[in-house]
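Note sheet for the following structure.
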Amino acid sequence: MPNIKSAAKRVEIAQKRTIRNASIKSAVKTAIRKYEEALVNASQELAQTALRKALVALDKAVSKGVLHKNAVARKKSRLTKRFNKNAG
């Protein structure tokens, strides 16, 4: 445990942010998993709505600073590419 007050505060903030970041990352992974399940098992309409939700979750992660914008752009591109491949 830190002796300095500001260092103790930074530890608290780091713990809060770690929990928040983990929650956001988990939500992103869940959205992507649901999209992939819908792509395999469900109809095109369900897959499309799941894709839209996954893209929104990824964009929110970028806006919160949890994921890097280029990494998210790559993930979005790959998800959309898979959807278009199945649609065609």
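Ligands are numbered from 1 in the order shown, residues from 1 within each chain, and chains are lettered A, B, ... in the order they appear in the structure tokens.
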Long-range neighbours of Phe83 in chain A as a list in words, 12 Å cut-off, only C-alpha atoms, 5 positions minimum in chain: Tyr35, Glu36, Glu37, Ala38, Leu39, Val40, Ser43, Gln44, Glu45, Leu46, Ala47, Gln48, Thr49, Ala50, Leu51, Arg52, Lys76, Ser77, Arg78 and Gly88 of chain A
Written selection (C-alpha atoms) as a short mmCIF file (atom, residue, chain, number, x, y, z; two decimals), in the first residue's frame:
data_model
loop_
_atom_site.label_atom_id
_atom_site.label_comp_id
_atom_site.auth_asym_id
_atom_site.auth_seq_id
_atom_site.Cartn_x
_atom_site.Cartn_y
_atom_site.Cartn_z
CA TYR A 35 -23.04 -12.19 -33.99
CA GLU A 36 -20.94 -15.23 -34.90
CA GLU A 37 -23.59 -17.58 -33.48
CA ALA A 38 -26.31 -15.77 -35.43
CA LEU A 39 -24.22 -15.94 -38.58
CA VAL A 40 -23.96 -19.73 -38.32
CA SER A 43 -31.33 -16.04 -40.54
CA GLN A 44 -29.73 -13.13 -42.37
CA GLU A 45 -31.91 -10.57 -40.58
CA LEU A 46 -30.85 -11.78 -37.13
CA ALA A 47 -27.21 -11.88 -38.20
CA GLN A 48 -27.50 -8.35 -39.55
CA THR A 49 -28.95 -6.97 -36.31
CA ALA A 50 -26.29 -8.83 -34.31
CA LEU A 51 -23.61 -7.38 -36.58
CA ARG A 52 -25.00 -3.89 -36.03
CA LYS A 76 -15.20 -4.23 -37.88
CA SER A 77 -13.82 -4.83 -41.35
CA ARG A 78 -13.37 -8.55 -40.70
CA GLY A 88 -23.49 -13.68 -51.17
#
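Here CA of Ala54 in chain A stands at a distance of 4.8 Å from CA of Ala31 in chain A.
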CA of Val11 in chain A to CA of Lys60 in chain A, distance in Å rounded to a single decimal: 25.1 Å
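Remark: for Ile24 in chain A, the closest of the candidate residues A:Ala42, A:Ala8, A:Leu55, A:Ala61 is A:Ala61 (distances computed over only C-alpha atoms).
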Of the listed residues A:Ala57, A:Leu67, A:Ala14, A:Ala7, that which approaches Arg33 in chain A most closely, counting only C-alpha atoms: A:Ala57
Polymer residues at most 10 Å from Asn21 in chain A, only C-alpha atoms, same-chain spacing of 6 or more positions, as a VMD selection string: chain A and resid 15 27 61 64 to 67
Interatomic distance (Å, one decimal) between CA of Ala22 in chain A and CA of Lys75 in chain A: 18.1 Å
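Counting only C-alpha atoms and comparing A:Ser63, A:Lys25, A:Ile32, A:Val56, the residue that lies closest to Arg82 in chain A is A:Ile32.
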